[in-house]
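S.K.: I am sharing start17.txt, which consists of compact mmCIF, C-alpha atoms:
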```
# COMPACT_ATOMS: atom_id res chain seq x y z
CA MET A 936 -17.77 -6.59 -20.66
CA ARG A 937 -14.38 -7.73 -19.38
CA THR A 938 -13.17 -11.06 -18.04
CA THR A 939 -10.80 -10.77 -15.07
CA ARG A 940 -7.90 -13.04 -14.19
CA ASP A 941 -10.08 -15.21 -11.97
CA GLY A 942 -12.61 -15.78 -14.76
CA SER A 943 -15.32 -13.48 -13.44
CA VAL A 944 -17.01 -11.11 -15.87
CA ILE A 945 -17.42 -7.41 -15.12
CA ASP A 946 -19.61 -4.99 -17.09
CA VAL A 947 -17.09 -2.16 -16.79
CA GLU A 948 -19.24 0.67 -18.14
CA ARG A 949 -22.18 -0.31 -15.95
CA VAL A 950 -19.90 -0.35 -12.91
CA ILE A 951 -18.55 3.10 -13.70
CA GLU A 952 -21.95 4.64 -14.34
CA SER A 953 -23.57 3.09 -11.30
CA GLY A 954 -24.88 5.61 -8.79
CA ASN A 955 -25.92 2.81 -6.44
CA LEU A 956 -23.15 2.90 -3.87
CA LEU A 957 -24.47 -0.06 -1.90
CA GLY A 958 -24.72 -2.17 -5.04
CA LEU A 959 -21.24 -1.12 -6.09
CA GLY A 960 -19.90 -1.89 -2.62
CA GLY A 961 -21.60 -5.28 -2.65
CA ALA A 962 -19.98 -6.17 -5.97
CA ALA A 963 -16.57 -5.04 -4.69
CA ASP A 964 -17.00 -7.01 -1.46
CA ALA A 965 -17.93 -10.13 -3.42
CA ARG A 966 -14.82 -9.79 -5.58
CA ARG A 967 -12.61 -9.19 -2.52
CA ARG A 968 -14.00 -12.34 -0.88
CA LEU A 969 -13.40 -14.30 -4.09
CA ILE A 970 -9.70 -13.37 -3.92
CA HIS A 971 -9.04 -13.25 -0.17
CA GLY A 972 -11.93 -15.05 1.50
CA ASP A 973 -12.89 -13.42 4.79
CA ARG A 974 -9.34 -12.35 5.71
CA ALA A 975 -8.20 -8.74 6.06
CA THR A 976 -4.52 -8.13 6.73
CA PHE A 977 -2.86 -5.29 8.61
CA VAL A 978 0.72 -4.25 9.29
CA ARG A 979 2.14 -2.33 12.26
CA VAL A 980 4.74 0.10 10.93
CA GLN A 981 7.55 1.78 12.83
CA GLU A 982 8.67 4.84 10.90
CA VAL A 983 12.41 5.53 10.93
CA PRO A 984 13.79 9.02 10.16
CA ALA A 985 17.13 8.85 8.35
CA ALA A 986 18.78 10.84 11.17
CA LEU A 987 18.01 7.98 13.58
CA ALA A 988 19.13 5.17 11.29
CA THR A 989 22.09 4.19 13.47
CA GLN A 990 20.16 4.53 16.75
CA VAL A 991 16.74 3.02 16.06
CA GLU A 992 15.37 0.65 18.68
CA VAL A 993 12.89 -1.79 17.19
CA LEU A 994 9.55 -1.80 18.99
CA SER A 995 8.23 -5.24 19.89
CA GLY A 996 4.97 -4.60 18.02
CA ALA A 997 6.59 -3.53 14.75
CA GLY A 998 6.12 -5.78 11.73
CA GLU A 999 7.92 -3.37 9.42
CA LEU A 1000 10.56 -0.66 9.75
CA ARG A 1001 9.92 2.04 7.16
CA ILE A 1002 12.53 4.67 6.26
CA VAL A 1003 10.48 7.83 5.82
CA ASP A 1004 12.95 10.53 4.71
CA ASP A 1005 13.82 11.22 1.08
CA PRO A 1006 17.57 10.75 0.49
CA LEU A 1007 19.66 13.42 -1.19
CA THR A 1008 21.72 10.93 -3.18
CA GLY A 1009 21.60 7.28 -4.14
CA ARG A 1010 24.66 6.61 -2.00
CA GLU A 1011 22.86 8.11 1.00
CA ALA A 1012 19.85 5.87 0.37
CA VAL A 1013 22.07 2.79 0.41
CA GLY A 1014 23.93 3.93 3.54
CA VAL A 1015 20.74 4.64 5.49
CA THR A 1016 19.32 1.27 4.44
CA GLU A 1017 22.43 -0.56 5.62
CA ALA A 1018 22.34 1.25 8.96
CA VAL A 1019 18.67 0.43 9.63
CA VAL A 1020 19.02 -3.18 8.49
CA ALA A 1021 21.95 -3.61 10.89
CA ARG A 1022 19.63 -2.80 13.80
CA ALA A 1023 16.43 -4.39 12.48
CA GLY A 1024 17.06 -8.01 13.37
CA SER A 1025 14.36 -10.10 11.69
CA THR A 1026 12.01 -7.13 11.09
CA PRO A 1027 11.77 -6.26 7.37
CA VAL A 1028 13.04 -2.83 6.32
CA THR A 1029 11.29 -0.86 3.58
CA GLY A 1030 11.63 2.70 2.38
CA PHE A 1031 11.61 5.31 -0.37
CA ALA A 1032 9.40 5.86 -3.41
CA VAL A 1033 10.56 4.53 -6.77
CA ASP A 1034 9.75 7.77 -8.58
CA ASP A 1035 11.76 9.80 -6.02
CA LEU A 1036 14.72 7.46 -6.51
CA ALA A 1037 14.32 7.95 -10.27
CA THR A 1038 14.77 11.70 -9.76
CA LEU A 1039 18.04 11.03 -7.91
CA CYS A 1040 19.12 8.97 -10.92
CA GLY A 1041 18.47 11.77 -13.41
CA ASP A 1042 15.33 9.98 -14.63
CA ASP A 1043 17.48 7.34 -16.29
CA PRO A 1044 15.92 3.84 -16.08
CA ALA A 1045 19.25 1.99 -16.25
CA THR A 1046 20.75 4.07 -13.44
CA LEU A 1047 17.59 3.57 -11.40
CA THR A 1048 17.76 -0.18 -11.89
CA ARG A 1049 21.36 -0.24 -10.63
CA LEU A 1050 20.42 1.80 -7.55
CA LEU A 1051 17.51 -0.53 -6.79
CA ILE A 1052 19.83 -3.53 -7.10
CA ASP A 1053 22.20 -1.84 -4.63
CA LEU A 1054 19.33 -1.18 -2.21
CA ARG A 1055 18.23 -4.79 -2.43
CA GLY A 1056 21.82 -5.82 -1.72
CA ALA A 1057 21.86 -3.50 1.30
CA GLY A 1058 18.92 -5.45 2.73
CA LEU A 1059 15.89 -3.42 1.64
CA ALA A 1060 12.93 -5.82 1.70
CA MET A 1061 10.79 -3.72 -0.62
CA VAL A 1062 10.55 -0.19 -1.93
CA SER A 1063 7.74 1.43 0.04
CA ALA A 1064 5.83 3.06 -2.79
CA LEU A 1065 5.47 4.12 -6.38
CA ASN A 1066 3.19 7.00 -7.35
CA ALA A 1067 0.78 5.68 -9.97
CA ASP A 1068 0.19 9.21 -11.25
CA ALA A 1069 3.89 9.99 -11.76
CA PRO A 1070 4.52 10.93 -15.43
CA ARG A 1071 6.77 7.91 -16.11
CA ALA A 1072 5.37 5.51 -13.55
CA ARG A 1073 5.28 2.56 -15.96
CA GLU A 1074 9.00 2.97 -16.75
CA TRP A 1075 9.90 3.10 -13.06
CA LEU A 1076 7.74 0.06 -12.44
CA ASP A 1077 9.66 -1.84 -15.11
CA ALA A 1078 12.97 -0.73 -13.59
CA SER A 1079 12.00 -2.14 -10.19
CA GLY A 1080 11.00 -5.39 -11.88
CA ASP A 1081 14.34 -5.53 -13.68
CA ALA A 1082 16.09 -4.99 -10.33
CA GLY A 1083 14.19 -7.87 -8.76
CA ILE A 1084 12.74 -5.85 -5.90
CA ASP A 1085 9.05 -5.69 -5.01
CA VAL A 1086 7.08 -2.47 -4.54
CA ALA A 1087 4.94 -2.57 -1.39
CA ARG A 1088 2.21 -0.25 -2.63
CA LEU A 1089 1.12 1.70 -5.65
CA VAL A 1090 -0.18 5.03 -4.34
CA VAL A 1091 -2.11 8.00 -5.70
CA GLU A 1092 -0.69 11.41 -4.88
CA GLN A 1093 -3.40 13.69 -6.27
CA SER A 1094 -7.15 13.22 -6.74
CA THR A 1095 -8.95 15.35 -9.34
CA ASP A 1096 -11.72 12.92 -10.36
CA ASP A 1097 -13.21 9.55 -9.45
CA GLY A 1098 -10.02 7.73 -10.44
CA VAL A 1099 -11.49 5.69 -13.29
CA GLY A 1100 -8.91 6.84 -15.85
CA LEU A 1101 -6.01 6.09 -13.54
CA PHE A 1102 -7.47 2.73 -12.50
CA ARG A 1103 -7.82 1.75 -16.16
CA GLN A 1104 -4.22 2.80 -16.77
CA VAL A 1105 -2.96 0.67 -13.87
CA ALA A 1106 -5.02 -2.30 -15.09
CA SER A 1107 -3.52 -1.87 -18.58
CA TRP A 1108 -0.05 -2.50 -17.13
CA GLY A 1109 -1.07 -6.13 -16.76
CA ALA A 1110 1.62 -8.53 -15.55
CA SER A 1111 4.17 -5.69 -15.35
CA ALA A 1112 2.61 -4.93 -11.97
CA ALA A 1113 3.04 -8.50 -10.70
CA HIS A 1114 5.71 -7.40 -8.21
CA VAL A 1115 3.46 -4.66 -6.74
CA ARG A 1116 1.90 -6.02 -3.57
CA SER A 1117 -0.98 -3.57 -3.03
CA PHE A 1118 -2.80 -0.59 -4.51
CA ALA A 1119 -3.91 2.33 -2.31
CA PRO A 1120 -6.53 4.23 -4.36
CA LEU A 1121 -7.31 7.06 -1.91
CA ALA A 1122 -5.26 10.18 -2.63
CA ARG A 1123 -2.43 10.99 -0.24
CA ALA A 1124 -2.74 14.76 -0.85
CA THR A 1125 -6.04 15.62 0.83
CA ASN A 1126 -6.02 19.38 0.29
CA THR A 1127 -6.55 19.40 -3.49
CA ARG A 1128 -10.12 18.14 -3.61
CA VAL A 1129 -12.86 17.89 -1.02
CA THR A 1130 -14.14 14.31 -0.81
CA THR A 1131 -16.97 12.66 1.06
CA GLY A 1132 -17.50 9.21 2.49
CA TYR A 1133 -19.54 8.48 -0.65
CA ASP A 1134 -16.64 9.53 -2.91
CA ASP A 1135 -14.06 7.55 -0.96
CA GLY A 1136 -16.19 4.42 -0.71
CA ARG A 1137 -16.95 4.54 -4.42
CA ARG A 1138 -13.28 5.07 -5.26
CA VAL A 1139 -12.21 2.03 -3.22
CA ALA A 1140 -14.95 -0.12 -4.77
CA LEU A 1141 -14.03 0.97 -8.31
CA ALA A 1142 -10.38 0.19 -7.65
CA ARG A 1143 -11.28 -3.30 -6.45
CA LEU A 1144 -13.42 -3.97 -9.53
CA LEU A 1145 -11.26 -2.32 -12.23
CA VAL A 1146 -7.68 -3.03 -11.07
CA ASP A 1147 -7.51 -6.80 -11.44
CA ASN A 1148 -3.72 -7.11 -11.82
CA ILE A 1149 -2.94 -6.20 -8.18
CA ASP A 1150 -4.52 -8.50 -5.61
CA SER A 1151 -4.63 -6.23 -2.55
CA ILE A 1152 -6.50 -2.94 -2.21
CA GLN A 1153 -5.10 -0.99 0.72
CA VAL A 1154 -6.12 1.83 3.04
CA ASP A 1155 -3.76 3.78 5.30
CA TRP A 1156 -4.89 3.60 8.95
CA GLY A 1157 -2.49 6.32 10.12
CA ARG A 1158 -3.48 8.76 7.36
CA TYR A 1159 -7.25 8.24 7.17
CA GLY A 1160 -8.15 6.89 10.61
CA PRO A 1161 -10.29 3.98 11.84
CA LYS A 1162 -13.66 5.17 10.51
CA LEU A 1163 -12.62 5.58 6.88
CA ALA A 1164 -10.52 2.41 7.12
CA GLN A 1165 -13.62 0.47 8.13
CA VAL A 1166 -15.61 1.97 5.25
CA ALA A 1167 -12.82 0.94 2.87
CA LEU A 1168 -12.90 -2.63 4.20
CA ILE A 1169 -16.66 -2.81 3.62
CA PHE A 1170 -16.22 -1.51 0.06
CA GLY A 1171 -13.56 -3.95 -1.09
CA ALA A 1172 -10.23 -3.16 0.61
CA ASP A 1173 -8.41 -6.11 2.18
CA ASP A 1174 -5.23 -4.61 3.66
CA VAL A 1175 -4.67 -1.88 6.27
CA ASP A 1176 -1.32 -0.09 6.27
CA ALA A 1177 0.50 1.94 8.93
CA VAL A 1178 -1.12 0.76 12.16
CA SER A 1179 0.87 2.04 15.16
CA PRO A 1180 3.32 -0.49 16.68
CA LEU A 1181 3.01 1.09 20.15
CA ASP A 1182 1.51 -1.11 22.85
CA SER A 1183 0.70 1.57 25.43
CA ARG A 1184 -2.33 0.80 27.64
CA ASP A 1185 -2.58 4.34 29.04
CA GLN A 1186 -6.15 4.65 27.71
CA GLY A 1187 -7.16 1.14 28.72
CA PRO A 1188 -6.62 -2.28 27.09
CA ARG A 1189 -9.45 -1.78 24.58
CA ARG A 1190 -7.83 1.38 23.18
CA THR A 1191 -4.45 -0.08 22.22
CA PRO A 1192 -3.73 0.05 18.46
CA LEU A 1193 -3.72 -3.73 18.19
CA GLU A 1194 -7.08 -4.10 19.93
CA GLU A 1195 -8.57 -1.25 17.92
CA ILE A 1196 -7.52 -2.56 14.51
CA THR A 1197 -8.63 -6.12 15.22
CA ARG A 1198 -11.97 -4.89 16.56
CA ASN A 1199 -12.39 -2.62 13.52
CA ILE A 1200 -11.77 -5.49 11.08
CA ARG A 1201 -14.14 -7.84 12.92
CA ALA A 1202 -16.83 -5.14 12.82
CA SER A 1203 -16.48 -5.29 9.02
CA ALA A 1204 -17.38 -9.02 9.17
CA LEU A 1205 -13.78 -9.97 8.35
CA VAL A 1206 -11.05 -11.93 10.13
CA PRO A 1207 -7.99 -9.84 11.17
CA VAL A 1208 -4.61 -11.25 10.14
CA GLN A 1209 -1.42 -9.45 11.11
CA ARG A 1210 1.33 -9.41 8.49
CA ASP A 1211 4.87 -8.10 8.24
CA GLY A 1212 6.73 -5.97 5.71
CA TYR A 1213 7.15 -8.99 3.44
CA PHE A 1214 3.33 -9.39 3.34
CA GLU A 1215 3.74 -12.63 5.28
CA THR A 1216 1.50 -13.62 8.19
CA CYS A 1217 2.91 -13.11 11.68
CA GLU A 1218 1.63 -13.59 15.22
CA VAL A 1219 -1.03 -11.25 16.62
```
Rewrite the structure of this file - the entire thing - as structure tokens.
M.R.:
Amino acid sequence: MRTTRDGSVIDVERVIESGNLLGLGGAADARRRLIHGDRATFVRVQEVPAALATQVEVLSGAGELRIVDDPLTGREAVGVTEAVVARAGSTPVTGFAVDDLATLCGDDPATLTRLLIDLRGAGLAMVSALNADAPRAREWLDASGDAGIDVARLVVEQSTDDGVGLFRQVASWGASAAHVRSFAPLARATNTRVTTGYDDGRRVALARLLVDNIDSIQVDWGRYGPKLAQVALIFGADDVDAVSPLDSRDQGPRRTPLEEITRNIRASALVPVQRDGYFETCEV
């Protein structure tokens, strides 16, 4: 048995061994509603290649500008950030993965901390990601905390099992993960292991129940699509990342990204709330 931060008690072993997906999903949904009520947030992300940093035109629907290319040097990362921020106006700019930046810094925590401080000074709102399964993820997490910059999402690169070991590891980091805003438990690399809707739903539910030191469980709309995103919301997720910022009505008003995501969330018996790259509520 384990008591979570909110005082609820979870029989961890029973949760892990449960083959009752609906029961597991119900427990995860109850915990999500305890933390977030009936709200589910989403963010519309405009991806910015480094080559277009000085030319980017911010789309009216974008709540976040995300630099998507890996820099070759720390200096390049700072320069690209400054260029995008100069054109972003009030739209938050995020980018990079902490573990990739660590590689640029020769895997030295002190050098990484200095680079993250420089990126924060250049206007970076948050670092986009940190791979939870990186060999020294905890060290890089501490470096970002020392630099005073939040990490938008903890992600999983590979998936070789049901995630329980990794979820326990993330939970063991405790308050060190306080500046991580969300956890995305579905693997980004989809070609290493065949999964099913059962596997993915169970993984999201286990993440919600076992990882109690990060409030938001996230699913990537652009990567996994509306159907899996809706399953994730039913099984405990509360945040949807990477919704398109385009407002084209070429396929009719009901097929715009904004209409589709809000309809999808409502179909999960939740209330859609649009947020920005700071995880702050903005107008729909």
S.K.: Find the spatial neighbours of region 962-965 of chain A, counting all atoms listed in the file, within a cut-off of 8 Å - ignore same-chain residues fewer than 4 positions away - and output them as a compact mmCIF listing (two decimals) with C-alpha atoms, in the coordinates of the input.
M.R.:
```txt
# COMPACT_ATOMS: atom_id res chain seq x y z
CA GLY A 958 -24.72 -2.17 -5.04
CA LEU A 969 -13.40 -14.30 -4.09
CA ALA A 1140 -14.95 -0.12 -4.77
CA LEU A 1141 -14.03 0.97 -8.31
CA ARG A 1143 -11.28 -3.30 -6.45
CA LEU A 1144 -13.42 -3.97 -9.53
CA ILE A 1169 -16.66 -2.81 3.62
CA PHE A 1170 -16.22 -1.51 0.06
CA GLY A 1171 -13.56 -3.95 -1.09
```
S.K.: Let me make sure I understand: among A:Ser1107, A:Asn1148, A:Thr1016, A:Thr976, which one has the smallest atom-to-atom distance to Met1061 (chain A) if we use all atoms listed in the file?
M.R.: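 The shortest atom-to-atom distance to Met1061 (chain A) comes from A:Thr1016.
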S.K.: Report the distance between CA of Ala1202 (chain A) and CA of Val1178 (chain A) in Å, rounded to one decimal place.
M.R.: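 Computing it gives 16.8 Å between the two atoms.
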S.K.: Between CA of Ala1057 (chain A) and CA of Ala1119 (chain A), what is the distance, to one decimal in Å?
M.R.: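 Those two atoms sit 26.7 Å apart.
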S.K.: Give me the residues near Glu1092 (chain A) as a PyMOL selection string, where near means some atom within 8 Å (using only C-alpha atoms) and where sequence neighbours in that chain fewer than 5 positions away do not count.
M.R.: chain A and resi 1066-1068+1122-1124
S.K.: Would you list the contacts of Gly1030 (chain A) as a count of residues only, taking every protein, DNA or RNA residue within 6 Å and counting only C-alpha atoms, but skipping same-chain residues closer than 6 positions in sequence?
M.R.: 4
S.K.: Could you state the separation of CA of Val980 (chain A) and CA of Gly1132 (chain A) in Å, given to one decimal place?
M.R.: 25.5 Å
S.K.: Which one is closest to Ala1142 (chain A): A:Ala1069, A:Ala1078, A:Ala975, A:Val1154? Count all atoms listed in the file.
M.R.: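 Smallest distance to Ala1142 (chain A) is found for A:Val1154.
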S.K.: If I only have part of region 948-974 of chain A, can you fill in N, CA and C atoms and write it as a PDB file, in the coordinates of the input?
M.R.:
```pdb
ATOM      1  N   GLU A 948     -18.525  -0.597 -17.976  1.00  0.00           N
ATOM      2  CA  GLU A 948     -19.240   0.670 -18.140  1.00  0.00           C
ATOM      3  C   GLU A 948     -20.399   0.770 -17.153  1.00  0.00           C
ATOM      4  N   ARG A 949     -21.068  -0.335 -16.914  1.00  0.00           N
ATOM      5  CA  ARG A 949     -22.180  -0.310 -15.950  1.00  0.00           C
ATOM      6  C   ARG A 949     -21.658  -0.026 -14.548  1.00  0.00           C
ATOM      7  N   VAL A 950     -20.514  -0.595 -14.216  1.00  0.00           N
ATOM      8  CA  VAL A 950     -19.900  -0.350 -12.910  1.00  0.00           C
ATOM      9  C   VAL A 950     -19.571   1.130 -12.748  1.00  0.00           C
ATOM     10  N   ILE A 951     -18.966   1.704 -13.768  1.00  0.00           N
ATOM     11  CA  ILE A 951     -18.550   3.100 -13.700  1.00  0.00           C
ATOM     12  C   ILE A 951     -19.745   4.034 -13.578  1.00  0.00           C
ATOM     13  N   GLU A 952     -20.778   3.750 -14.317  1.00  0.00           N
ATOM     14  CA  GLU A 952     -21.950   4.640 -14.340  1.00  0.00           C
ATOM     15  C   GLU A 952     -22.878   4.439 -13.154  1.00  0.00           C
ATOM     16  N   SER A 953     -22.649   3.404 -12.395  1.00  0.00           N
ATOM     17  CA  SER A 953     -23.570   3.090 -11.300  1.00  0.00           C
ATOM     18  C   SER A 953     -23.564   4.185 -10.242  1.00  0.00           C
ATOM     19  N   GLY A 954     -24.755   4.662  -9.899  1.00  0.00           N
ATOM     20  CA  GLY A 954     -24.880   5.610  -8.790  1.00  0.00           C
ATOM     21  C   GLY A 954     -25.340   4.922  -7.524  1.00  0.00           C
ATOM     22  N   ASN A 955     -25.483   3.602  -7.586  1.00  0.00           N
ATOM     23  CA  ASN A 955     -25.920   2.810  -6.440  1.00  0.00           C
ATOM     24  C   ASN A 955     -24.704   2.392  -5.642  1.00  0.00           C
ATOM     25  N   LEU A 956     -24.370   3.167  -4.625  1.00  0.00           N
ATOM     26  CA  LEU A 956     -23.150   2.900  -3.870  1.00  0.00           C
ATOM     27  C   LEU A 956     -23.215   1.562  -3.166  1.00  0.00           C
ATOM     28  N   LEU A 957     -24.362   1.214  -2.606  1.00  0.00           N
ATOM     29  CA  LEU A 957     -24.470  -0.060  -1.900  1.00  0.00           C
ATOM     30  C   LEU A 957     -24.316  -1.236  -2.868  1.00  0.00           C
ATOM     31  N   GLY A 958     -24.889  -1.117  -4.052  1.00  0.00           N
ATOM     32  CA  GLY A 958     -24.720  -2.170  -5.040  1.00  0.00           C
ATOM     33  C   GLY A 958     -23.284  -2.287  -5.498  1.00  0.00           C
ATOM     34  N   LEU A 959     -22.645  -1.144  -5.696  1.00  0.00           N
ATOM     35  CA  LEU A 959     -21.240  -1.120  -6.090  1.00  0.00           C
ATOM     36  C   LEU A 959     -20.376  -1.735  -4.996  1.00  0.00           C
ATOM     37  N   GLY A 960     -20.651  -1.342  -3.742  1.00  0.00           N
ATOM     38  CA  GLY A 960     -19.900  -1.890  -2.620  1.00  0.00           C
ATOM     39  C   GLY A 960     -20.106  -3.389  -2.483  1.00  0.00           C
ATOM     40  N   GLY A 961     -21.327  -3.850  -2.722  1.00  0.00           N
ATOM     41  CA  GLY A 961     -21.600  -5.280  -2.650  1.00  0.00           C
ATOM     42  C   GLY A 961     -20.821  -6.061  -3.695  1.00  0.00           C
ATOM     43  N   ALA A 962     -20.745  -5.513  -4.913  1.00  0.00           N
ATOM     44  CA  ALA A 962     -19.980  -6.170  -5.970  1.00  0.00           C
ATOM     45  C   ALA A 962     -18.492  -6.205  -5.633  1.00  0.00           C
ATOM     46  N   ALA A 963     -17.986  -5.096  -5.073  1.00  0.00           N
ATOM     47  CA  ALA A 963     -16.570  -5.040  -4.690  1.00  0.00           C
ATOM     48  C   ALA A 963     -16.275  -6.007  -3.549  1.00  0.00           C
ATOM     49  N   ASP A 964     -17.179  -6.082  -2.583  1.00  0.00           N
ATOM     50  CA  ASP A 964     -17.000  -7.010  -1.460  1.00  0.00           C
ATOM     51  C   ASP A 964     -16.985  -8.447  -1.951  1.00  0.00           C
ATOM     52  N   ALA A 965     -17.877  -8.770  -2.890  1.00  0.00           N
ATOM     53  CA  ALA A 965     -17.930 -10.130  -3.420  1.00  0.00           C
ATOM     54  C   ALA A 965     -16.627 -10.485  -4.132  1.00  0.00           C
ATOM     55  N   ARG A 966     -16.082  -9.522  -4.883  1.00  0.00           N
ATOM     56  CA  ARG A 966     -14.820  -9.790  -5.580  1.00  0.00           C
ATOM     57  C   ARG A 966     -13.673  -9.930  -4.584  1.00  0.00           C
ATOM     58  N   ARG A 967     -13.647  -9.072  -3.542  1.00  0.00           N
ATOM     59  CA  ARG A 967     -12.610  -9.190  -2.520  1.00  0.00           C
ATOM     60  C   ARG A 967     -12.657 -10.565  -1.851  1.00  0.00           C
ATOM     61  N   ARG A 968     -13.862 -11.038  -1.523  1.00  0.00           N
ATOM     62  CA  ARG A 968     -14.000 -12.340  -0.880  1.00  0.00           C
ATOM     63  C   ARG A 968     -13.621 -13.483  -1.818  1.00  0.00           C
ATOM     64  N   LEU A 969     -13.820 -13.295  -3.116  1.00  0.00           N
ATOM     65  CA  LEU A 969     -13.400 -14.300  -4.090  1.00  0.00           C
ATOM     66  C   LEU A 969     -11.880 -14.452  -4.083  1.00  0.00           C
ATOM     67  N   ILE A 970     -11.168 -13.348  -3.880  1.00  0.00           N
ATOM     68  CA  ILE A 970      -9.700 -13.370  -3.920  1.00  0.00           C
ATOM     69  C   ILE A 970      -9.116 -13.739  -2.561  1.00  0.00           C
ATOM     70  N   HIS A 971      -9.664 -13.144  -1.489  1.00  0.00           N
ATOM     71  CA  HIS A 971      -9.040 -13.250  -0.170  1.00  0.00           C
ATOM     72  C   HIS A 971      -9.880 -13.977   0.875  1.00  0.00           C
ATOM     73  N   GLY A 972     -11.050 -14.445   0.506  1.00  0.00           N
ATOM     74  CA  GLY A 972     -11.930 -15.050   1.500  1.00  0.00           C
ATOM     75  C   GLY A 972     -12.383 -14.002   2.502  1.00  0.00           C
ATOM     76  N   ASP A 973     -12.434 -14.376   3.768  1.00  0.00           N
ATOM     77  CA  ASP A 973     -12.890 -13.420   4.790  1.00  0.00           C
ATOM     78  C   ASP A 973     -11.734 -12.809   5.570  1.00  0.00           C
ATOM     79  N   ARG A 974     -10.520 -12.886   5.036  1.00  0.00           N
ATOM     80  CA  ARG A 974      -9.340 -12.350   5.710  1.00  0.00           C
ATOM     81  C   ARG A 974      -9.110 -10.882   5.335  1.00  0.00           C
TER      82      ARG A 974
END
```
